[in-house]
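This report refers to the structure that appears directly beneath it.
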Protein chains: 4
Amino acid sequence: MTQSGCNRRTSIGSQRNPASEEAILMAAEAILLEGGLPAFSIEAVARRAKAGKPTIYRWWPSKAALLLDVYHRQKDGVPYPDTGDVRKDLSQFLAGLLDFWRNGGGAIFRSIIAEAQSDPAALAALQAYAVSRCRQSGAILKRGQARGEVRKDIDPELLIELFSSFAWNRLLTSRLDVGQPEIDQIVSAVVDGAALRAAGTQ
Amino acid sequence: MTQSGCNRRTSIGSQRNPASEEAILMAAEAILLEGGLPAFSIEAVARRAKAGKPTIYRWWPSKAALLLDVYHRQKDGVPYPDTGDVRKDLSQFLAGLLDFWRNGGGAIFRSIIAEAQSDPAALAALQAYAVSRCRQSGAILKRGQARGEVRKDIDPELLIELFSSFAWNRLLTSRLDVGQPEIDQIVSAVVDGAALRAAGTQ
Amino acid sequence: MTQSGCNRRTSIGSQRNPASEEAILMAAEAILLEGGLPAFSIEAVARRAKAGKPTIYRWWPSKAALLLDVYHRQKDGVPYPDTGDVRKDLSQFLAGLLDFWRNGGGAIFRSIIAEAQSDPAALAALQAYAVSRCRQSGAILKRGQARGEVRKDIDPELLIELFSSFAWNRLLTSRLDVGQPEIDQIVSAVVDGAALRAAGTQ
Amino acid sequence: MTQSGCNRRTSIGSQRNPASEEAILMAAEAILLEGGLPAFSIEAVARRAKAGKPTIYRWWPSKAALLLDVYHRQKDGVPYPDTGDVRKDLSQFLAGLLDFWRNGGGAIFRSIIAEAQSDPAALAALQAYAVSRCRQSGAILKRGQARGEVRKDIDPELLIELFSSFAWNRLLTSRLDVGQPEIDQIVSAVVDGAALRAAGTQ
DNA sequence: AACTAACCGAGACGGTACGTCTCGTCTTATG
DNA sequence: CATAAGACGAGACGTACCGTCTCGGTTAGTT
């Protein structure tokens, strides 16, 4: 690729070859999308990327590390809505997440979660990722609190976790096809409360 | 066991030997609790149970099937609370689930979820299990609706899924240590609503 | 088969059931002829004969014993020529043996020889059989000695072993297609001698 | 062996490791001599050679291939006599072959013959080997023809096959203890002819 | 300009587990 | 009490990956 005539990658001196890194990540992603976790082996990635196994092991200490790198390269599809209305924001957040996972992005994240159940390193990475995502997404509720839409006594990160957990659940059980009515109902229940009001406001 | 002096299990005719089944399930559970998913292989189970591999494959078509059987033997720890108060029920349900998983029961369920990301059979079983659990647990909200505590327009099974999803999330990220205040906050948010009321009732 | 209506064989009391014996031997022979030694397993025989494995093990202590029984049932094809001429007898003996083995009979005997290299019981049986066959076939030379055709100082059984050994060799290397000229040459060499005579009689 | 302190064999780059090859062949030979064919399994060889099974399968496509390699490494014990006298040559050839097989060499060759009755690849190898050996040994008779000792109209390779076949027969029936008188008698019969001469020369 | 150092591909190595096969033993239910 | 049936413990089969290693070659900095 980077070389004249022949498309064989080789060393570029005492430094990481970006062409190899690229080829490996591309191969890993393709394998995951085509065959899922069971097809995803270091051997298969090396074969497809035309890379040596040690090259992979040199840069990614474990299967999970490679998985995470693959995921980070393509998670740009999830939106962080900010419409000024907490109901709309929550609805779009949940719908967007489910939609992103439904259209390809989920296969890789599923694999990471599965891998994390075996590999402590993957678990640590997943924990960190989950927490940071909740912090980011919690902004939806924080803004709601600032606008006076949301009770001050609730923890935004904890409550937003309810929504993302729901999406995880659906991802892990391959039931990502959630209709807008269901999403609305969930949002409505959490925002307005599931309890029946005495006065007919509700 | 069945034989004089020697404790070797053998065939008891053209039928399944319950002693072998028992030994295999015990071995499988022990291995899972000791070493987790990575240690759990058919070979290891056979070795520990002093059973032949074909005996395992005869009765459990896949690793996932064995995992599910192991889980079903010990999931009796999860409570189905019915206190007459939907808040208490939800709180006890969530606390009980987290507690059961925190004290041993979770290791196996984590493995099943992980396995389901590779094995379609395990996925189907997990789907069915998840749905049926939501149906069972949804009774908490259904009773609340009957008592007039809960809005009639919400789907009990969908809403309860929010709670169990939260528990799944914490299980899969090894963050099962959720305090009572957090649980109360979640219950309160969902039941009373996260929204700030105009009149200070809330 | 031998029974009314239903073709299920069952016990006929405290004695060997000839129908089962027959079915087992037939199945064993068929399997040997169709698939050779690699296809010949007790399991396969039991399956084909619709017999229980213990029934086979009860009556034939080893695979070799069953093989020998199968062979004995069908070795009637080999001739014991007696033409009055030792050259013709030897030629017909060798040609007949090769021919019999070439047309089906060899597959089973090959298997017995192979089995005898592992199983001491089969080896003993094979030894006894080989010796007794040499004794029988040695009669060709013995009659020749009586007629004055053959030197008195040679051991008929030892010399005839040369001929049968040659056939064994060809059987075991799947080179049974020996033409009449070759057979004649062997007979001529052994009977008349390979040495060049001083006077041109030869 | 090749490494400091630890005697663990490992890769020496993208090429066959002769230390592993050696260890595997040694292990295979030892197992054959100790336990014969029934003890000879790829698993057992790998275990004893402290080699991985794939390493064996990488270089030997079948059990038979490994057997043949083992045999070829140690068949140097068989002599090709050339005394100038066809009788002596034949006698020494036969006696030497029987002796070599009696003292260890036979166990492996028996196994190869047995294996060849199941495995087509082994059979082909055995055929080729048998033919080439007859060609080599036929030199005894060819030299006799050149010296005028042996009739020109006989095929050396065919006649020598009589002798080696006899040895095969005795090997396969574990009757390798053939005395010198018997050997002499066989040689005498074939060279001088079994027929009684008119003039009492013989 | 020579030398070192780290990278690259390739692929062999000792292992472990896979899922299937056959072995020979055992117990049942049926007649 | 023999039979057909079939489960059982055992273990070999050949394959796929694992993670480690050594190789021969390449290229960038350093001497």
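Every chain in the structure tokens takes a letter, A first, then B, and so on in the order presented; its residues are numbered from 1, and the ligands are numbered from 1 following the presented order.
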
May I have the residues within 9 Å of range 9-12 of chain E as a PyMOL selection string, using only C-alpha atoms (C1' of nucleotides) and disregarding those fewer than 5 positions away in the same chain?
(chain A and resi 8-10+50-52) or (chain D and resi 10-17+55) or (chain F and resi 21-23)

Write out as a list of chain:residue names every residue belonging to chain E that has an atom at most 6 Å from any atom of chain A, counting only C-alpha atoms (C1' of nucleotides).
E:DA6, E:DC7, E:DC8, E:DG9

Go through C:Leu37, C:Lys142, C:Tyr71, C:Val187 one by one, measure the shortest atom-to-atom distance of each to chain D using only C-alpha atoms, and give the residue with the smallest value.
C:Leu37

Restrict the calculation to only C-alpha atoms, then for each residue of chain B with any atom at most 7 Å from an atom of chain A give the closest atom pair and their distance in Å to one decimal, rows by chain and rising residue number, as CSV.
```
residue,atom,partner,partner_atom,distance
B:Leu37,CA,A:Ser118,CA,5.9
B:Pro38,CA,A:Ser118,CA,5.8
B:Arg110,CA,A:Gln117,CA,6.5
B:Ser111,CA,A:Gln117,CA,6.7
B:Ala114,CA,A:Ala114,CA,4.1
B:Gln117,CA,A:Ala114,CA,6.4
B:Ser118,CA,A:Pro38,CA,5.6
B:Leu123,CA,A:Thr173,CA,6.5
B:Leu126,CA,A:Thr173,CA,6.7
B:Gln127,CA,A:Thr173,CA,5.4
B:Gly148,CA,A:Leu196,CA,7.0
B:Glu149,CA,A:Leu196,CA,5.7
B:Val150,CA,A:Ala195,CA,4.5
B:Arg151,CA,A:Leu196,CA,4.8
B:Ile154,CA,A:Gln185,CA,6.7
B:Leu159,CA,A:Ile186,CA,6.7
B:Leu162,CA,A:Phe166,CA,5.6
B:Ser165,CA,A:Ser165,CA,5.1
B:Phe166,CA,A:Ser165,CA,5.1
B:Asn169,CA,A:Ser165,CA,5.5
B:Leu172,CA,A:Gln117,CA,6.9
B:Thr173,CA,A:Gln127,CA,5.4
B:Gln185,CA,A:Ile154,CA,6.7
B:Ile186,CA,A:Leu159,CA,6.7
B:Ala189,CA,A:Val190,CA,6.3
B:Val190,CA,A:Val190,CA,4.5
B:Val191,CA,A:Ala194,CA,4.5
B:Asp192,CA,A:Gly193,CA,4.3
B:Gly193,CA,A:Gly193,CA,3.2
B:Ala194,CA,A:Val191,CA,4.5
B:Ala195,CA,A:Val150,CA,4.5
B:Leu196,CA,A:Arg151,CA,4.8
```

Can I get the selected residues back with C-alpha atoms, as a compact mmCIF listing (two decimals), in the first residue's frame?
```
# COMPACT_ATOMS: atom_id res chain seq x y z
CA LEU B 37 -16.27 -18.25 32.57
CA PRO B 38 -12.68 -18.68 31.34
CA ARG B 110 -22.95 -13.01 33.93
CA SER B 111 -21.57 -16.04 32.17
CA ALA B 114 -21.65 -13.40 27.88
CA GLN B 117 -23.42 -12.92 22.75
CA SER B 118 -21.76 -15.79 20.88
CA LEU B 123 -29.36 -15.96 23.21
CA LEU B 126 -31.79 -15.70 27.55
CA GLN B 127 -34.44 -13.75 25.64
CA GLY B 148 -55.10 2.43 42.24
CA GLU B 149 -51.53 3.30 43.11
CA VAL B 150 -50.19 3.13 39.57
CA ARG B 151 -51.29 4.78 36.35
CA ILE B 154 -48.26 2.24 31.63
CA LEU B 159 -41.47 -0.32 33.32
CA LEU B 162 -36.09 -0.45 33.73
CA SER B 165 -31.96 -3.56 33.36
CA PHE B 166 -30.32 -1.39 35.96
CA ASN B 169 -25.94 -3.15 34.04
CA LEU B 172 -22.07 -6.70 34.01
CA THR B 173 -19.86 -3.85 35.17
CA GLN B 185 -33.92 7.47 44.81
CA ILE B 186 -34.51 5.36 41.74
CA ALA B 189 -37.92 9.03 40.71
CA VAL B 190 -39.82 6.46 38.73
CA VAL B 191 -42.85 6.31 40.98
CA ASP B 192 -43.21 9.97 41.84
CA GLY B 193 -41.64 11.30 38.69
CA ALA B 194 -38.41 13.15 38.14
CA ALA B 195 -40.22 16.31 37.15
CA LEU B 196 -40.55 19.21 39.53
```

Among chain B, which residues does DSSP mark as helix (DSSP H, G or I) when it is run on the backbone? Keep the chain and numbering as in the structure and answer as an mmCIF file with C-alpha atoms, in the first residue's frame.
```cif
data_model
loop_
_atom_site.group_PDB
_atom_site.id
_atom_site.type_symbol
_atom_site.label_atom_id
_atom_site.label_comp_id
_atom_site.auth_asym_id
_atom_site.auth_seq_id
_atom_site.Cartn_x
_atom_site.Cartn_y
_atom_site.Cartn_z
ATOM 1 C CA PRO B 18 -29.423 -38.936 37.792
ATOM 2 C CA ALA B 19 -26.226 -39.387 39.756
ATOM 3 C CA SER B 20 -24.217 -38.353 36.724
ATOM 4 C CA GLU B 21 -26.485 -35.425 36.003
ATOM 5 C CA GLU B 22 -26.125 -34.279 39.570
ATOM 6 C CA ALA B 23 -22.348 -34.679 39.566
ATOM 7 C CA ILE B 24 -22.026 -32.759 36.313
ATOM 8 C CA LEU B 25 -24.179 -29.856 37.468
ATOM 9 C CA MET B 26 -22.344 -29.691 40.772
ATOM 10 C CA ALA B 27 -18.991 -29.699 39.024
ATOM 11 C CA ALA B 28 -20.110 -27.049 36.575
ATOM 12 C CA GLU B 29 -21.339 -24.783 39.334
ATOM 13 C CA ALA B 30 -18.173 -25.223 41.366
ATOM 14 C CA ILE B 31 -15.961 -24.439 38.407
ATOM 15 C CA LEU B 32 -17.956 -21.324 37.559
ATOM 16 C CA LEU B 33 -17.820 -20.029 41.102
ATOM 17 C CA GLU B 34 -14.118 -20.744 41.414
ATOM 18 C CA GLY B 35 -12.760 -19.685 38.067
ATOM 19 C CA GLY B 36 -15.539 -17.929 36.246
ATOM 20 C CA LEU B 37 -16.266 -18.248 32.574
ATOM 21 C CA PRO B 38 -12.683 -18.683 31.341
ATOM 22 C CA ALA B 39 -12.256 -21.771 33.535
ATOM 23 C CA ILE B 42 -16.734 -29.024 28.952
ATOM 24 C CA GLU B 43 -13.409 -30.775 29.441
ATOM 25 C CA ALA B 44 -12.982 -29.266 32.878
ATOM 26 C CA VAL B 45 -16.511 -30.162 33.915
ATOM 27 C CA ALA B 46 -16.083 -33.729 32.703
ATOM 28 C CA ARG B 47 -12.774 -34.005 34.491
ATOM 29 C CA ARG B 48 -14.135 -32.706 37.765
ATOM 30 C CA ALA B 49 -17.360 -34.679 37.592
ATOM 31 C CA LYS B 53 -17.456 -35.888 27.637
ATOM 32 C CA PRO B 54 -20.054 -37.652 25.483
ATOM 33 C CA THR B 55 -22.257 -37.986 28.552
ATOM 34 C CA ILE B 56 -22.318 -34.219 28.830
ATOM 35 C CA TYR B 57 -22.864 -33.656 25.129
ATOM 36 C CA ARG B 58 -25.631 -36.245 25.166
ATOM 37 C CA TRP B 59 -27.753 -34.234 27.557
ATOM 38 C CA LYS B 63 -22.090 -24.979 26.869
ATOM 39 C CA ALA B 64 -24.928 -22.504 27.169
ATOM 40 C CA ALA B 65 -27.488 -25.207 27.894
ATOM 41 C CA LEU B 66 -25.372 -26.449 30.753
ATOM 42 C CA LEU B 67 -24.937 -22.929 32.062
ATOM 43 C CA LEU B 68 -28.678 -22.352 32.040
ATOM 44 C CA ASP B 69 -29.326 -25.588 33.896
ATOM 45 C CA VAL B 70 -26.804 -24.607 36.516
ATOM 46 C CA TYR B 71 -28.443 -21.215 36.890
ATOM 47 C CA HIS B 72 -31.944 -22.605 37.167
ATOM 48 C CA LYS B 75 -32.058 -18.926 41.288
ATOM 49 C CA ASP B 76 -34.451 -19.537 44.157
ATOM 50 C CA GLY B 77 -32.817 -16.747 46.100
ATOM 51 C CA VAL B 86 -45.665 -0.533 45.247
ATOM 52 C CA ARG B 87 -42.749 1.548 46.515
ATOM 53 C CA LYS B 88 -41.719 -1.079 49.038
ATOM 54 C CA ASP B 89 -42.189 -3.856 46.508
ATOM 55 C CA LEU B 90 -39.999 -2.171 43.912
ATOM 56 C CA SER B 91 -37.354 -1.331 46.449
ATOM 57 C CA GLN B 92 -37.221 -4.852 47.819
ATOM 58 C CA PHE B 93 -37.250 -6.322 44.331
ATOM 59 C CA LEU B 94 -34.262 -4.301 43.206
ATOM 60 C CA ALA B 95 -32.362 -4.673 46.461
ATOM 61 C CA GLY B 96 -33.038 -8.414 46.529
ATOM 62 C CA LEU B 97 -31.850 -8.941 42.990
ATOM 63 C CA LEU B 98 -28.642 -7.001 43.525
ATOM 64 C CA ASP B 99 -28.088 -8.800 46.788
ATOM 65 C CA PHE B 100 -28.612 -12.251 45.298
ATOM 66 C CA TRP B 101 -26.184 -11.529 42.498
ATOM 67 C CA ARG B 102 -23.679 -9.946 44.841
ATOM 68 C CA ASN B 103 -23.599 -13.116 46.940
ATOM 69 C CA GLY B 104 -22.638 -15.732 44.409
ATOM 70 C CA GLY B 105 -25.642 -15.941 42.139
ATOM 71 C CA GLY B 106 -24.381 -13.321 39.739
ATOM 72 C CA ALA B 107 -21.278 -15.101 38.540
ATOM 73 C CA ILE B 108 -23.326 -17.662 36.671
ATOM 74 C CA PHE B 109 -25.797 -15.215 35.184
ATOM 75 C CA ARG B 110 -22.952 -13.008 33.933
ATOM 76 C CA SER B 111 -21.569 -16.038 32.167
ATOM 77 C CA ILE B 112 -24.880 -16.786 30.549
ATOM 78 C CA ILE B 113 -25.198 -13.266 29.221
ATOM 79 C CA ALA B 114 -21.650 -13.396 27.880
ATOM 80 C CA GLU B 115 -22.229 -16.770 26.274
ATOM 81 C CA ALA B 116 -25.426 -15.499 24.681
ATOM 82 C CA PRO B 120 -27.608 -18.144 19.255
ATOM 83 C CA ALA B 121 -29.153 -20.917 21.323
ATOM 84 C CA ALA B 122 -28.045 -19.250 24.506
ATOM 85 C CA LEU B 123 -29.364 -15.961 23.211
ATOM 86 C CA ALA B 124 -32.784 -17.438 22.543
ATOM 87 C CA ALA B 125 -32.862 -18.961 25.993
ATOM 88 C CA LEU B 126 -31.795 -15.702 27.553
ATOM 89 C CA GLN B 127 -34.442 -13.755 25.640
ATOM 90 C CA ALA B 128 -37.133 -16.139 26.780
ATOM 91 C CA TYR B 129 -35.891 -15.979 30.325
ATOM 92 C CA ALA B 130 -35.699 -12.202 30.349
ATOM 93 C CA VAL B 131 -39.205 -11.824 28.989
ATOM 94 C CA SER B 132 -40.706 -14.310 31.404
ATOM 95 C CA ARG B 133 -38.953 -12.675 34.351
ATOM 96 C CA CYS B 134 -40.346 -9.304 33.351
ATOM 97 C CA ARG B 135 -43.770 -10.819 33.165
ATOM 98 C CA GLN B 136 -43.414 -12.250 36.660
ATOM 99 C CA SER B 137 -41.932 -9.125 38.151
ATOM 100 C CA GLY B 138 -44.400 -6.940 36.331
ATOM 101 C CA ALA B 139 -46.955 -8.277 38.774
ATOM 102 C CA ILE B 140 -45.639 -5.767 41.283
ATOM 103 C CA LEU B 141 -46.880 -2.911 39.119
ATOM 104 C CA LYS B 142 -49.999 -4.727 38.039
ATOM 105 C CA ARG B 143 -51.058 -5.080 41.656
ATOM 106 C CA GLY B 144 -50.288 -1.405 42.086
ATOM 107 C CA GLN B 145 -52.597 -0.609 39.192
ATOM 108 C CA ALA B 146 -55.318 -2.758 40.733
ATOM 109 C CA ARG B 147 -54.921 -0.929 44.017
ATOM 110 C CA PRO B 156 -46.008 -2.978 33.823
ATOM 111 C CA GLU B 157 -43.593 -5.286 32.039
ATOM 112 C CA LEU B 158 -41.909 -2.435 30.244
ATOM 113 C CA LEU B 159 -41.473 -0.316 33.319
ATOM 114 C CA ILE B 160 -40.203 -3.144 35.496
ATOM 115 C CA GLU B 161 -37.649 -3.765 32.805
ATOM 116 C CA LEU B 162 -36.087 -0.447 33.727
ATOM 117 C CA PHE B 163 -35.331 -1.793 37.170
ATOM 118 C CA SER B 164 -34.017 -5.187 36.118
ATOM 119 C CA SER B 165 -31.963 -3.556 33.357
ATOM 120 C CA PHE B 166 -30.320 -1.388 35.957
ATOM 121 C CA ALA B 167 -29.396 -4.514 37.909
ATOM 122 C CA TRP B 168 -28.052 -6.195 34.745
ATOM 123 C CA ASN B 169 -25.939 -3.147 34.036
ATOM 124 C CA ARG B 170 -24.445 -3.162 37.503
ATOM 125 C CA LEU B 171 -23.853 -6.929 37.332
ATOM 126 C CA LEU B 172 -22.071 -6.700 34.009
ATOM 127 C CA GLN B 180 -30.285 1.810 49.959
ATOM 128 C CA PRO B 181 -30.345 5.597 49.296
ATOM 129 C CA GLU B 182 -29.629 5.054 45.620
ATOM 130 C CA ILE B 183 -32.297 2.387 45.404
ATOM 131 C CA ASP B 184 -34.793 4.639 47.136
ATOM 132 C CA GLN B 185 -33.920 7.472 44.812
ATOM 133 C CA ILE B 186 -34.507 5.356 41.745
ATOM 134 C CA VAL B 187 -37.813 4.080 43.063
ATOM 135 C CA SER B 188 -38.867 7.544 44.049
ATOM 136 C CA ALA B 189 -37.922 9.029 40.709
ATOM 137 C CA VAL B 190 -39.819 6.462 38.734
ATOM 138 C CA VAL B 191 -42.851 6.309 40.975
ATOM 139 C CA ASP B 192 -43.214 9.973 41.842
#
```

Wanna dump the chain F-chain D contacts at 10 Å for me, each residue with its shortest atom pair and the distance in Å to one decimal, counting only C-alpha atoms (C1' of nucleotides), ordered by chain and number, as CSV?
```
residue,atom,partner,partner_atom,distance
F:DG11,C1',D:Glu43,CA,9.8
F:DA12,C1',D:Glu43,CA,6.9
F:DC13,C1',D:Ile42,CA,8.8
F:DG14,C1',D:Tyr57,CA,8.3
F:DT15,C1',D:Pro54,CA,8.6
F:DT20,C1',D:Thr10,CA,8.6
F:DC21,C1',D:Ser11,CA,5.6
F:DT22,C1',D:Gly13,CA,4.0
F:DC23,C1',D:Gly13,CA,4.3
F:DG24,C1',D:Gly13,CA,9.2
```

Dump C-alpha atoms (C1' of nucleotides) for the selected residues as a PDB file, in the first residue's frame?
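Generated file (result-v1.pdb):
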```pdb
ATOM      1  C1'  DG F  11      -9.828 -41.658  25.957  1.00  0.00           C
ATOM      2  C1'  DA F  12      -8.100 -40.976  20.921  1.00  0.00           C
ATOM      3  C1'  DC F  13      -9.290 -38.504  16.884  1.00  0.00           C
ATOM      4  C1'  DG F  14      -8.034 -34.280  13.898  1.00  0.00           C
ATOM      5  C1'  DT F  15      -8.800 -29.012  14.116  1.00  0.00           C
ATOM      6  C1'  DT F  20       5.457 -17.111  22.886  1.00  0.00           C
ATOM      7  C1'  DC F  21       9.427 -17.485  20.224  1.00  0.00           C
ATOM      8  C1'  DT F  22      12.866 -17.107  16.512  1.00  0.00           C
ATOM      9  C1'  DC F  23      13.773 -15.913  12.110  1.00  0.00           C
ATOM     10  C1'  DG F  24      15.333 -12.856   8.006  1.00  0.00           C
TER      11       DG F  24
END
```

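Here C1' of DG9 in chain F is placed at a distance of 20.4 Å from CA of Phe40 in chain B.
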
Using Å and a single decimal, report how far C1' of DG19 in chain F sits from C1' of DC18 in chain E.
18.1 Å
